[in-house]
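K.L.:
Please find work_23.cif (mmCIF, N, CA and C atoms) on the next line:
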```cif
data_upload
loop_
_atom_site.label_atom_id
_atom_site.label_comp_id
_atom_site.auth_asym_id
_atom_site.auth_seq_id
_atom_site.Cartn_x
_atom_site.Cartn_y
_atom_site.Cartn_z
N MET A 83 0.11 20.76 -126.91
CA MET A 83 1.05 20.17 -126.01
C MET A 83 1.42 18.77 -126.50
N VAL A 84 0.45 18.03 -127.01
CA VAL A 84 0.73 16.68 -127.50
C VAL A 84 1.68 16.74 -128.70
N VAL A 85 1.43 17.67 -129.60
CA VAL A 85 2.30 17.81 -130.77
C VAL A 85 3.72 18.16 -130.33
N LEU A 86 3.86 19.05 -129.39
CA LEU A 86 5.19 19.42 -128.89
C LEU A 86 5.89 18.23 -128.25
N GLY A 87 5.16 17.45 -127.48
CA GLY A 87 5.74 16.26 -126.84
C GLY A 87 6.17 15.23 -127.86
N ILE A 88 5.34 15.01 -128.87
CA ILE A 88 5.68 14.03 -129.90
C ILE A 88 6.87 14.50 -130.72
N LEU A 89 6.87 15.76 -131.11
CA LEU A 89 7.98 16.28 -131.92
C LEU A 89 9.28 16.30 -131.16
N SER A 90 9.25 16.69 -129.89
CA SER A 90 10.50 16.73 -129.13
C SER A 90 11.02 15.32 -128.86
N SER A 91 10.14 14.38 -128.60
CA SER A 91 10.58 12.99 -128.40
C SER A 91 11.13 12.41 -129.69
N PHE A 92 10.44 12.63 -130.78
CA PHE A 92 10.89 12.13 -132.08
C PHE A 92 12.21 12.76 -132.47
N GLY A 93 12.33 14.06 -132.26
CA GLY A 93 13.58 14.76 -132.60
C GLY A 93 14.75 14.26 -131.78
N ALA A 94 14.53 14.06 -130.49
CA ALA A 94 15.61 13.57 -129.62
C ALA A 94 16.02 12.15 -130.00
N GLN A 95 15.07 11.29 -130.29
CA GLN A 95 15.39 9.92 -130.69
C GLN A 95 16.13 9.89 -132.02
N THR A 96 15.72 10.75 -132.95
CA THR A 96 16.38 10.81 -134.25
C THR A 96 17.83 11.26 -134.11
N LEU A 97 18.05 12.31 -133.34
CA LEU A 97 19.43 12.78 -133.11
C LEU A 97 20.26 11.73 -132.38
N GLN A 98 19.65 11.01 -131.46
CA GLN A 98 20.35 9.95 -130.73
C GLN A 98 20.79 8.85 -131.69
N LEU A 99 19.93 8.44 -132.58
CA LEU A 99 20.28 7.38 -133.54
C LEU A 99 21.33 7.84 -134.53
N ILE A 100 21.26 9.08 -134.95
CA ILE A 100 22.27 9.61 -135.87
C ILE A 100 23.63 9.67 -135.18
N GLY A 101 23.65 10.14 -133.94
CA GLY A 101 24.91 10.21 -133.20
C GLY A 101 25.48 8.85 -132.90
N GLN A 102 24.60 7.88 -132.64
CA GLN A 102 25.06 6.53 -132.31
C GLN A 102 25.74 5.88 -133.51
N ARG A 103 25.32 6.23 -134.70
CA ARG A 103 25.91 5.65 -135.90
C ARG A 103 27.40 5.98 -136.02
N TYR A 104 27.82 7.14 -135.51
CA TYR A 104 29.20 7.58 -135.65
C TYR A 104 30.02 7.40 -134.38
N THR A 105 29.54 6.58 -133.46
CA THR A 105 30.21 6.39 -132.18
C THR A 105 30.62 4.94 -132.02
N ASP A 106 31.72 4.71 -131.30
CA ASP A 106 32.17 3.36 -130.98
C ASP A 106 31.09 2.65 -130.17
N PRO A 107 30.87 1.35 -130.36
CA PRO A 107 29.76 0.66 -129.70
C PRO A 107 29.78 0.70 -128.16
N THR A 108 30.94 0.56 -127.54
CA THR A 108 30.97 0.53 -126.07
C THR A 108 30.57 1.87 -125.47
N PRO A 109 31.17 3.00 -125.85
CA PRO A 109 30.70 4.27 -125.28
C PRO A 109 29.24 4.59 -125.64
N ALA A 110 28.82 4.22 -126.84
CA ALA A 110 27.43 4.47 -127.23
C ALA A 110 26.48 3.67 -126.34
N GLY A 111 26.82 2.42 -126.05
CA GLY A 111 25.99 1.60 -125.18
C GLY A 111 25.90 2.15 -123.78
N ILE A 112 27.03 2.59 -123.26
CA ILE A 112 27.05 3.16 -121.91
C ILE A 112 26.21 4.44 -121.86
N ILE A 113 26.37 5.30 -122.84
CA ILE A 113 25.62 6.55 -122.87
C ILE A 113 24.12 6.28 -122.98
N LEU A 114 23.73 5.39 -123.89
CA LEU A 114 22.31 5.13 -124.11
C LEU A 114 21.67 4.43 -122.91
N MET A 115 22.43 3.61 -122.20
CA MET A 115 21.85 2.86 -121.09
C MET A 115 21.78 3.67 -119.80
N THR A 116 22.36 4.87 -119.79
CA THR A 116 22.29 5.70 -118.58
C THR A 116 21.10 6.66 -118.60
N GLU A 117 20.18 6.44 -119.52
CA GLU A 117 19.01 7.33 -119.63
C GLU A 117 18.20 7.36 -118.33
N SER A 118 17.97 6.21 -117.73
CA SER A 118 17.20 6.18 -116.47
C SER A 118 17.95 6.85 -115.33
N MET A 119 19.28 6.72 -115.32
CA MET A 119 20.08 7.37 -114.29
C MET A 119 19.97 8.89 -114.39
N PHE A 120 20.07 9.42 -115.60
CA PHE A 120 19.95 10.86 -115.77
C PHE A 120 18.54 11.35 -115.45
N GLY A 121 17.54 10.52 -115.75
CA GLY A 121 16.17 10.86 -115.39
C GLY A 121 16.01 11.02 -113.89
N SER A 122 16.60 10.11 -113.13
CA SER A 122 16.54 10.20 -111.66
C SER A 122 17.31 11.41 -111.14
N ILE A 123 18.47 11.66 -111.71
CA ILE A 123 19.28 12.80 -111.27
C ILE A 123 18.52 14.11 -111.49
N PHE A 124 17.93 14.28 -112.68
CA PHE A 124 17.18 15.51 -112.95
C PHE A 124 15.92 15.59 -112.10
N SER A 125 15.30 14.46 -111.83
CA SER A 125 14.09 14.45 -111.00
C SER A 125 14.40 14.92 -109.58
N VAL A 126 15.52 14.48 -109.03
CA VAL A 126 15.93 14.91 -107.69
C VAL A 126 16.38 16.37 -107.74
N ALA A 127 17.16 16.74 -108.76
CA ALA A 127 17.67 18.11 -108.85
C ALA A 127 16.56 19.14 -109.01
N LEU A 128 15.49 18.78 -109.71
CA LEU A 128 14.39 19.71 -109.92
C LEU A 128 13.33 19.63 -108.82
N GLY A 129 13.53 18.74 -107.86
CA GLY A 129 12.64 18.68 -106.70
C GLY A 129 11.38 17.86 -106.89
N PHE A 130 11.33 17.03 -107.93
CA PHE A 130 10.15 16.21 -108.14
C PHE A 130 10.17 14.92 -107.32
N GLU A 131 11.35 14.51 -106.88
CA GLU A 131 11.50 13.24 -106.17
C GLU A 131 12.48 13.46 -105.02
N PRO A 132 12.21 12.91 -103.85
CA PRO A 132 13.17 13.06 -102.75
C PRO A 132 14.37 12.15 -102.94
N PHE A 133 15.52 12.60 -102.47
CA PHE A 133 16.72 11.78 -102.52
C PHE A 133 16.72 10.84 -101.33
N THR A 134 16.71 9.55 -101.59
CA THR A 134 16.67 8.56 -100.53
C THR A 134 17.87 7.61 -100.65
N MET A 135 18.10 6.85 -99.60
CA MET A 135 19.19 5.89 -99.62
C MET A 135 18.90 4.77 -100.64
N ASN A 136 17.63 4.39 -100.77
CA ASN A 136 17.26 3.38 -101.77
C ASN A 136 17.57 3.86 -103.18
N LEU A 137 17.34 5.13 -103.44
CA LEU A 137 17.65 5.70 -104.75
C LEU A 137 19.16 5.66 -105.01
N LEU A 138 19.95 5.99 -104.01
CA LEU A 138 21.41 5.96 -104.15
C LEU A 138 21.92 4.54 -104.36
N ILE A 139 21.44 3.60 -103.57
CA ILE A 139 21.89 2.22 -103.70
C ILE A 139 21.46 1.63 -105.04
N GLY A 140 20.20 1.85 -105.42
CA GLY A 140 19.71 1.34 -106.70
C GLY A 140 20.45 1.95 -107.88
N GLY A 141 20.69 3.25 -107.84
CA GLY A 141 21.45 3.90 -108.91
C GLY A 141 22.87 3.40 -109.01
N SER A 142 23.49 3.17 -107.85
CA SER A 142 24.85 2.63 -107.84
C SER A 142 24.90 1.24 -108.43
N LEU A 143 23.92 0.41 -108.09
CA LEU A 143 23.88 -0.94 -108.65
C LEU A 143 23.67 -0.91 -110.16
N ILE A 144 22.85 0.01 -110.64
CA ILE A 144 22.62 0.12 -112.08
C ILE A 144 23.91 0.55 -112.79
N VAL A 145 24.61 1.52 -112.23
CA VAL A 145 25.86 1.98 -112.85
C VAL A 145 26.91 0.86 -112.87
N ILE A 146 27.03 0.14 -111.77
CA ILE A 146 27.99 -0.97 -111.70
C ILE A 146 27.62 -2.04 -112.72
N ALA A 147 26.34 -2.37 -112.81
CA ALA A 147 25.90 -3.38 -113.78
C ALA A 147 26.16 -2.93 -115.21
N LEU A 148 25.92 -1.65 -115.51
CA LEU A 148 26.18 -1.13 -116.86
C LEU A 148 27.65 -1.24 -117.21
N LEU A 149 28.51 -0.88 -116.28
CA LEU A 149 29.94 -0.95 -116.55
C LEU A 149 30.40 -2.39 -116.71
N MET A 150 29.88 -3.28 -115.88
CA MET A 150 30.26 -4.69 -116.01
C MET A 150 29.79 -5.27 -117.34
N MET A 151 28.66 -4.82 -117.82
CA MET A 151 28.11 -5.33 -119.07
C MET A 151 28.85 -4.77 -120.29
N GLN A 152 29.28 -3.54 -120.23
CA GLN A 152 29.82 -2.88 -121.41
C GLN A 152 31.34 -2.97 -121.53
N VAL A 153 32.04 -3.05 -120.42
CA VAL A 153 33.50 -3.03 -120.46
C VAL A 153 34.01 -4.47 -120.42
N ASP A 154 34.85 -4.81 -121.37
CA ASP A 154 35.41 -6.15 -121.45
C ASP A 154 36.67 -6.20 -120.59
N PHE A 155 36.51 -6.66 -119.35
CA PHE A 155 37.63 -6.68 -118.41
C PHE A 155 38.68 -7.71 -118.80
N ARG A 156 38.29 -8.82 -119.41
CA ARG A 156 39.26 -9.83 -119.82
C ARG A 156 40.20 -9.28 -120.89
N HIS A 157 39.64 -8.53 -121.82
CA HIS A 157 40.45 -7.95 -122.89
C HIS A 157 41.40 -6.90 -122.32
N ARG A 158 40.96 -6.14 -121.35
CA ARG A 158 41.79 -5.08 -120.75
C ARG A 158 42.95 -5.69 -119.96
N ASN A 159 42.75 -6.81 -119.27
CA ASN A 159 43.81 -7.44 -118.49
C ASN A 159 44.84 -8.14 -119.37
N ALA A 160 44.44 -8.59 -120.54
CA ALA A 160 45.35 -9.29 -121.45
C ALA A 160 46.34 -8.34 -122.13
N SER A 161 46.02 -7.07 -122.19
CA SER A 161 46.88 -6.11 -122.91
C SER A 161 48.14 -5.81 -122.16
#
```
Please lay out the structure from this file as C-alpha coordinates.

P.N.:
Amino acid sequence: MVVLGILSSFGAQTLQLIGQRYTDPTPAGIILMTESMFGSIFSVALGFEPFTMNLLIGGSLIVIALLMMQVDFRHRNAS
(Lines of atoms letter the chains of each structure in order from A and count residues from 1; the text may use other names and numbers.)
(Lines give C-alpha, C1' and ligand atoms only; values in the text may rest on other atoms or scores of the structure.)
Protein backbone atom coordinates (compact mmCIF):
# COMPACT_ATOMS: atom_id res chain seq x y z
CA MET A 1 0.00 0.00 0.00
CA VAL A 2 2.87 2.38 0.79
CA VAL A 3 4.50 1.69 -2.57
CA LEU A 4 1.22 2.34 -4.37
CA GLY A 5 0.72 5.60 -2.47
CA ILE A 6 4.23 6.79 -3.19
CA LEU A 7 4.09 5.84 -6.87
CA SER A 8 0.68 7.41 -7.45
CA SER A 9 1.69 10.64 -5.68
CA PHE A 10 5.00 10.80 -7.54
CA GLY A 11 3.31 10.04 -10.86
CA ALA A 12 0.64 12.70 -10.34
CA GLN A 13 3.20 15.34 -9.33
CA THR A 14 5.40 14.48 -12.33
CA LEU A 15 2.50 14.78 -14.77
CA GLN A 16 1.44 18.04 -13.10
CA LEU A 17 4.91 19.54 -13.55
CA ILE A 18 5.15 18.39 -17.16
CA GLY A 19 1.73 19.87 -17.96
CA GLN A 20 2.56 23.11 -16.17
CA ARG A 21 5.60 23.60 -18.39
CA TYR A 22 3.37 23.91 -21.48
CA THR A 23 0.66 26.09 -19.93
CA ASP A 24 0.30 29.86 -19.60
CA PRO A 25 1.30 30.97 -16.05
CA THR A 26 -2.07 32.44 -14.99
CA PRO A 27 -4.26 29.40 -15.80
CA ALA A 28 -1.58 27.07 -14.45
CA GLY A 29 -1.48 28.99 -11.17
CA ILE A 30 -5.25 28.94 -10.82
CA ILE A 31 -5.43 25.22 -11.57
CA LEU A 32 -2.60 24.31 -9.19
CA MET A 33 -3.93 26.47 -6.36
CA THR A 34 -7.40 24.89 -6.45
CA GLU A 35 -6.07 21.56 -5.17
CA SER A 36 -7.52 22.10 -1.67
CA MET A 37 -10.87 23.14 -3.14
CA PHE A 38 -11.14 19.95 -5.18
CA GLY A 39 -10.10 17.94 -2.13
CA SER A 40 -13.01 19.39 -0.17
CA ILE A 41 -15.46 18.87 -3.03
CA PHE A 42 -14.51 15.20 -3.38
CA SER A 43 -14.55 14.72 0.39
CA VAL A 44 -18.13 16.00 0.59
CA ALA A 45 -19.20 14.14 -2.58
CA LEU A 46 -17.84 10.83 -1.29
CA GLY A 47 -19.42 11.31 2.14
CA PHE A 48 -16.25 11.67 4.20
CA GLU A 49 -17.06 15.19 5.38
CA PRO A 50 -20.40 16.92 6.02
CA PHE A 51 -21.30 19.96 3.95
CA THR A 52 -21.51 22.94 6.30
CA MET A 53 -21.99 26.67 5.91
CA ASN A 54 -18.43 27.23 7.19
CA LEU A 55 -17.13 24.98 4.41
CA LEU A 56 -19.09 26.96 1.81
CA ILE A 57 -17.99 30.35 3.13
CA GLY A 58 -14.35 29.28 3.51
CA GLY A 59 -14.27 27.74 0.04
CA SER A 60 -15.82 30.85 -1.47
CA LEU A 61 -13.24 33.06 0.21
CA ILE A 62 -10.43 30.85 -1.08
CA VAL A 63 -11.77 30.98 -4.65
CA ILE A 64 -12.18 34.77 -4.50
CA ALA A 65 -8.66 35.17 -3.10
CA LEU A 66 -7.22 32.91 -5.82
CA LEU A 67 -8.90 34.90 -8.56
CA MET A 68 -7.82 38.22 -7.07
CA MET A 69 -4.25 36.97 -6.84
CA GLN A 70 -4.01 35.47 -10.32
CA VAL A 71 -6.04 37.81 -12.52
CA ASP A 72 -4.54 41.20 -13.28
CA PHE A 73 -7.61 43.44 -13.13
CA ARG A 74 -5.65 46.63 -13.90
CA HIS A 75 -4.37 45.17 -17.15
CA ARG A 76 -7.88 43.99 -18.13
CA ASN A 77 -9.43 47.45 -17.53
CA ALA A 78 -6.73 49.23 -19.56
CA SER A 79 -7.46 47.22 -22.72

K.L.:
By how many Å are atom C of Gly111 of chain A and atom N of Ala147 of chain A apart?

P.N.:
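Between atom C of Gly111 of chain A and atom N of Ala147 of chain A the gap is 11.9 Å.
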
K.L.:
Could you work out how far atom CA of Leu149 of chain A lies from atom CA of Ile112 of chain A, giving the answer in Å with one decimal?

P.N.:
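Calculated distance between atom CA of Ile112 of chain A and atom CA of Leu149 of chain A is 7.3 Å.
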
K.L.:
To one decimal in Å, tell me the separation between atom CA of Leu137 of chain A and atom CA of Gln152 of chain A.

P.N.:
22.3 Å

K.L.:
As a VMD selection string, please: the residues near segment 92-109 of chain A (cut-off 7 Å, only N, CA and C atoms, same-chain neighbours under 5 positions excluded).

P.N.:
chain A and resid 87 114 152 to 153

K.L.:
Quick check for you: according to DSSP on this backbone, which residues of chain A are classed as alpha helix (DSSP H)? Reply as a VMD selection string.

P.N.:
chain A and resid 84 to 103 107 to 115 117 to 127 135 to 152 155 to 160

K.L.:
Which of these, A:Ser125, A:Leu89, A:Arg156, A:Thr116, has the shortest distance to Ser142 of chain A once you count only C-alpha atoms?

P.N.:
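Smallest separation from Ser142 of chain A among the options: A:Thr116.
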
K.L.:
Using only C-alpha atoms, which residues sit within 12 Å of Thr134 of chain A once same-chain residues fewer than 6 positions away are excluded, as number ranges by chain?

P.N.:
A: 122-123, 126, 140-141
